[in-house]
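This is run30.cif. It holds mmCIF, C-alpha atoms.
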```cif
data_run
loop_
_atom_site.label_atom_id
_atom_site.label_comp_id
_atom_site.auth_asym_id
_atom_site.auth_seq_id
_atom_site.Cartn_x
_atom_site.Cartn_y
_atom_site.Cartn_z
CA MET S 1 -14.25 18.13 -11.13
CA ILE S 2 -16.64 16.32 -8.84
CA CYS S 3 -15.82 15.48 -5.21
CA PRO S 4 -15.27 11.73 -4.80
CA ALA S 5 -16.67 11.80 -1.25
CA CYS S 6 -19.87 13.88 -1.50
CA ALA S 7 -20.38 14.61 -5.25
CA ASN S 8 -20.07 18.39 -4.71
CA THR S 9 -18.25 20.47 -7.35
CA LEU S 10 -14.60 21.02 -6.45
CA VAL S 11 -13.28 24.59 -6.54
CA ALA S 12 -9.77 25.22 -7.91
CA THR S 13 -7.89 27.21 -5.25
CA LYS S 14 -4.43 28.73 -5.74
CA VAL S 15 -2.20 28.07 -2.72
CA GLY S 16 1.38 29.25 -3.07
CA GLU S 17 2.73 27.75 -6.29
CA ILE S 18 0.10 25.02 -6.64
CA THR S 19 -3.61 24.82 -7.39
CA VAL S 20 -5.59 22.52 -5.13
CA ASP S 21 -9.16 21.42 -5.81
CA VAL S 22 -11.21 22.03 -2.67
CA CYS S 23 -14.68 20.77 -1.75
CA LYS S 24 -15.94 24.09 -0.35
CA ASN S 25 -19.38 24.01 1.26
CA GLY S 26 -19.37 20.24 0.87
CA CYS S 27 -17.34 17.68 2.81
CA GLY S 28 -14.24 19.89 3.01
CA GLY S 29 -11.97 17.41 1.26
CA LEU S 30 -8.90 18.30 -0.81
CA TRP S 31 -7.62 16.99 -4.15
CA PHE S 32 -3.89 17.21 -4.85
CA ASP S 33 -2.59 16.40 -8.31
CA SER S 34 0.60 14.37 -8.53
CA HIS S 35 3.50 15.86 -6.51
CA GLU S 36 1.41 18.77 -5.14
CA LEU S 37 0.92 17.40 -1.63
CA LYS S 38 4.65 17.56 -0.88
CA HIS S 39 4.42 21.38 -1.08
CA VAL S 40 2.06 21.64 1.91
CA ASP S 41 2.55 18.50 4.02
CA GLU S 42 4.92 19.98 6.64
CA LYS S 43 4.24 22.59 9.31
CA HIS S 44 6.92 24.98 8.08
CA GLU S 45 5.30 25.20 4.62
CA ALA S 46 3.14 28.30 4.97
CA ALA S 47 1.06 27.60 1.86
CA GLY S 48 -0.65 24.69 3.62
CA GLU S 49 -2.10 26.92 6.36
CA ALA S 50 -4.79 28.23 4.01
CA LEU S 51 -6.10 24.69 3.44
CA LEU S 52 -6.47 23.72 7.09
CA ASN S 53 -9.79 25.50 7.67
CA THR S 54 -11.79 24.73 4.55
CA LYS S 55 -15.43 25.74 4.95
CA LYS S 56 -17.62 22.66 4.95
CA ASN S 57 -21.31 21.89 5.20
CA PRO S 58 -22.14 20.22 8.55
CA GLY S 59 -25.09 18.46 6.90
CA VAL S 60 -22.83 16.48 4.56
CA ILE S 61 -22.08 13.02 5.92
CA VAL S 62 -19.15 11.13 4.43
CA ASP S 63 -18.75 7.35 4.50
CA HIS S 64 -14.99 6.91 5.07
CA ASN S 65 -15.17 3.16 4.31
CA GLN S 66 -16.53 3.72 0.80
CA LYS S 67 -14.15 3.21 -2.13
CA ARG S 68 -13.68 6.44 -4.04
CA SER S 69 -13.27 7.13 -7.72
CA CYS S 70 -10.52 9.45 -8.88
CA PRO S 71 -11.96 12.89 -9.72
CA ARG S 72 -9.33 13.33 -12.46
CA CYS S 73 -9.33 9.87 -14.13
CA GLU S 74 -12.51 8.35 -15.45
CA ASN S 75 -13.45 4.91 -14.05
CA VAL S 76 -10.38 4.58 -11.80
CA VAL S 77 -10.94 3.59 -8.17
CA MET S 78 -8.38 5.03 -5.76
CA MET S 79 -6.35 2.94 -3.31
CA LYS S 80 -6.42 3.58 0.42
CA HIS S 81 -3.14 3.55 2.27
CA PHE S 82 -1.45 5.12 5.27
CA MET S 83 0.38 8.36 4.67
CA SER S 84 3.30 7.50 6.96
CA VAL S 85 4.82 4.79 9.10
CA LYS S 86 2.92 6.14 12.10
CA ARG S 87 -0.24 4.75 10.44
CA ASP S 88 -2.34 7.63 11.77
CA VAL S 89 -3.75 9.02 8.52
CA GLU S 90 -5.27 6.95 5.74
CA VAL S 91 -5.51 8.71 2.36
CA ASP S 92 -6.83 7.82 -1.08
CA GLU S 93 -4.36 7.75 -3.98
CA CYS S 94 -4.98 7.28 -7.69
CA ALA S 95 -2.65 4.66 -9.14
CA ASN S 96 -3.19 6.12 -12.60
CA CYS S 97 -2.40 9.84 -12.17
CA GLY S 98 -0.71 9.84 -8.74
CA GLY S 99 -3.16 12.32 -7.21
CA PHE S 100 -4.22 12.28 -3.54
CA TRP S 101 -7.63 12.79 -1.97
CA LEU S 102 -7.59 13.96 1.65
CA ASP S 103 -10.77 14.09 3.71
CA ALA S 104 -11.41 17.12 5.92
CA GLY S 105 -8.85 17.36 8.72
CA GLU S 106 -6.36 14.87 7.25
CA LEU S 107 -3.97 17.55 5.98
CA GLY S 108 -3.69 18.94 9.51
CA GLN S 109 -2.98 15.47 10.88
CA ILE S 110 -0.28 14.89 8.25
CA ARG S 111 1.34 18.26 8.98
CA ASN S 112 1.43 17.49 12.72
CA GLN S 113 3.10 14.08 12.40
CA PHE S 114 6.64 15.24 11.63
CA THR S 115 8.40 18.58 11.85
CA ALA S 116 10.63 17.94 8.80
CA ASP S 117 11.54 15.38 6.13
CA ALA S 118 14.54 14.28 8.20
CA ASP S 119 12.21 13.23 11.05
CA ARG S 120 9.96 11.40 8.58
CA GLU S 121 12.93 9.54 7.09
CA LYS S 122 14.27 8.62 10.53
CA ALA S 123 10.86 7.23 11.53
CA ALA S 124 10.70 5.19 8.31
CA ASP S 125 14.21 3.80 8.87
CA THR S 126 13.33 2.85 12.44
CA TYR S 127 10.07 1.19 11.35
CA PHE S 128 11.71 -0.87 8.60
CA SER S 129 14.59 -1.84 10.87
CA GLU S 130 12.19 -3.02 13.59
CA THR S 131 9.90 -4.79 11.11
CA PHE S 132 12.36 -6.38 8.71
CA GLY S 133 15.82 -5.92 10.24
CA GLU S 134 16.22 -9.38 11.74
CA GLU S 135 15.00 -11.18 8.61
CA LEU S 136 17.14 -9.04 6.31
CA GLN S 137 20.21 -9.71 8.45
CA LYS S 138 19.53 -13.47 8.30
CA MET S 139 19.25 -13.28 4.52
CA LEU S 140 22.45 -11.25 4.28
CA ASP S 141 24.33 -13.71 6.53
CA GLU S 142 23.00 -16.66 4.53
CA SER S 143 23.98 -15.06 1.23
CA GLN S 144 27.46 -14.26 2.53
CA GLU S 145 27.86 -17.85 3.74
CA LYS S 146 26.85 -19.20 0.30
CA ALA S 147 29.19 -16.78 -1.45
CA ASP S 148 32.08 -17.86 0.83
CA ARG S 149 31.37 -21.55 0.08
CA ALA S 150 31.27 -20.91 -3.68
CA HIS S 151 34.54 -18.98 -3.46
CA SER S 152 36.19 -21.88 -1.56
CA ILE S 153 35.07 -24.40 -4.18
CA ALA S 154 36.33 -22.15 -6.97
CA LYS S 155 39.72 -21.92 -5.22
CA MET S 156 39.94 -25.75 -5.05
CA PHE S 157 39.26 -26.12 -8.75
CA ARG S 158 41.89 -23.52 -9.55
CA PHE S 159 44.53 -25.84 -8.06
CA LEU S 160 43.05 -29.04 -9.53
CA CYS S 161 42.82 -27.84 -13.13
CA PRO S 162 45.80 -27.58 -15.47
CA SER S 163 47.33 -24.14 -15.86
CA TYR S 164 46.05 -23.70 -19.42
CA TYR S 165 42.52 -23.35 -18.00
CA ILE S 166 42.93 -19.66 -17.30
CA PRO S 167 39.65 -18.07 -16.23
CA GLY S 168 37.97 -16.18 -19.05
CA LYS S 169 39.92 -17.90 -21.88
CA GLN S 170 37.38 -20.67 -22.53
CA LYS S 171 34.17 -20.29 -24.51
CA TRP S 172 32.37 -22.59 -22.06
CA GLY S 173 33.05 -20.42 -19.00
CA ALA S 174 35.45 -19.88 -16.18
CA PHE S 175 35.49 -20.08 -12.40
#
```
Rewrite the structure of this file - the entire thing - as structure tokens.
Amino acid sequence: MICPACANTLVATKVGEITVDVCKNGCGGLWFDSHELKHVDEKHEAAGEALLNTKKNPGVIVDHNQKRSCPRCENVVMMKHFMSVKRDVEVDECANCGGFWLDAGELGQIRNQFTADADREKAADTYFSETFGEELQKMLDESQEKADRAHSIAKMFRFLCPSYYIPGKQKWGAF
């Protein structure tokens, strides 16, 4: 495979149970196939240590604003997005195969953000609560109010209609 950042040839490197494609003697970037990154993205995962100090060529200059093509999928441009709610590390992900491209140093930054998945989940919950909590609560309150009104109207009709209109017995519907 060819490096999407500097066009160097990527070297398949066995790390623990996964094989990562590394841009050795190039930009120092890392390619993770789908679901591989989760095996090395936390500090306690020893396999990731070997990837933190990838040998790179100091003469290679990488334009981090450039859109990158997926090294696995032909003619697919990867999407840039933040790796976590802390918005510290921006990675490239292929929407087609689910692989991730990390520039040199980004794996170390990701590993230093959270000590465990529980911390990551707590940070995400806090972020979503702060960002959307008030609006979601308004929507929930509004929906509950509408449901209560509909229930009250249905109760009124139950007393207004003759007893042979038992809910569920008519082809045309029930309250």
* Asked: What gap, in Å, lies between CA of Arg111 (chain S) and CA of Lys43 (chain S)?
  ->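 Taking CA of Arg111 (chain S) as the start and CA of Lys43 (chain S) as the end point, the length is 5.2 Å.
Residue nearest Val60 (chain S), chosen from S:Cys23, S:Gly99, S:Met139, S:Arg120 and counting only C-alpha atoms: S:Cys23.
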* Could you tell me which residues the PyMOL selection byres ((chain S and resi 9) around 10) returns for this structure, as a ChimeraX atom specification? => /S:1-4,6-8,10-12,21-26
Please write the residues from the selection above to a file, keeping C-alpha atoms, as a PDB file, in the frame of the given file.
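Contents of selection_4.pdb, as written:
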```pdb
ATOM      1  CA  MET S   1     -14.250  18.130 -11.130  1.00  0.00           C
ATOM      2  CA  ILE S   2     -16.640  16.320  -8.840  1.00  0.00           C
ATOM      3  CA  CYS S   3     -15.820  15.480  -5.210  1.00  0.00           C
ATOM      4  CA  PRO S   4     -15.270  11.730  -4.800  1.00  0.00           C
ATOM      5  CA  CYS S   6     -19.870  13.880  -1.500  1.00  0.00           C
ATOM      6  CA  ALA S   7     -20.380  14.610  -5.250  1.00  0.00           C
ATOM      7  CA  ASN S   8     -20.070  18.390  -4.710  1.00  0.00           C
ATOM      8  CA  LEU S  10     -14.600  21.020  -6.450  1.00  0.00           C
ATOM      9  CA  VAL S  11     -13.280  24.590  -6.540  1.00  0.00           C
ATOM     10  CA  ALA S  12      -9.770  25.220  -7.910  1.00  0.00           C
ATOM     11  CA  ASP S  21      -9.160  21.420  -5.810  1.00  0.00           C
ATOM     12  CA  VAL S  22     -11.210  22.030  -2.670  1.00  0.00           C
ATOM     13  CA  CYS S  23     -14.680  20.770  -1.750  1.00  0.00           C
ATOM     14  CA  LYS S  24     -15.940  24.090  -0.350  1.00  0.00           C
ATOM     15  CA  ASN S  25     -19.380  24.010   1.260  1.00  0.00           C
ATOM     16  CA  GLY S  26     -19.370  20.240   0.870  1.00  0.00           C
TER      17      GLY S  26
END
```
* Contacts of Ala5 (chain S) at 8 Å or less, counting all atoms listed in the file, minus same-chain residues fewer than 3 places along, as a ChimeraX atom specification? -> /S:27,29,62-63,68
Dump as a CSV table (one decimal), in the frame of the given file, selection limited to C-alpha atoms:
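Okay, again23.csv is ready:
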```
chain,number,residue,atom,x,y,z
S,27,CYS,CA,-17.3,17.7,2.8
S,29,GLY,CA,-12.0,17.4,1.3
S,62,VAL,CA,-19.2,11.1,4.4
S,63,ASP,CA,-18.8,7.4,4.5
S,68,ARG,CA,-13.7,6.4,-4.0
```
* Name the closest residue to Arg87 (chain S) among the candidates S:Ile110, S:Val15, S:Ala46, S:Ile153; distances are taken between atoms, counting all atoms listed in the file. =>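 Closest candidate: S:Ile110.
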* To do: Can you work out which one of S:Lys122, S:Lys86, S:Lys146, S:Lys14 has the shortest atom-to-atom distance to Leu51 (chain S), counting only C-alpha atoms?
  => S:Lys14
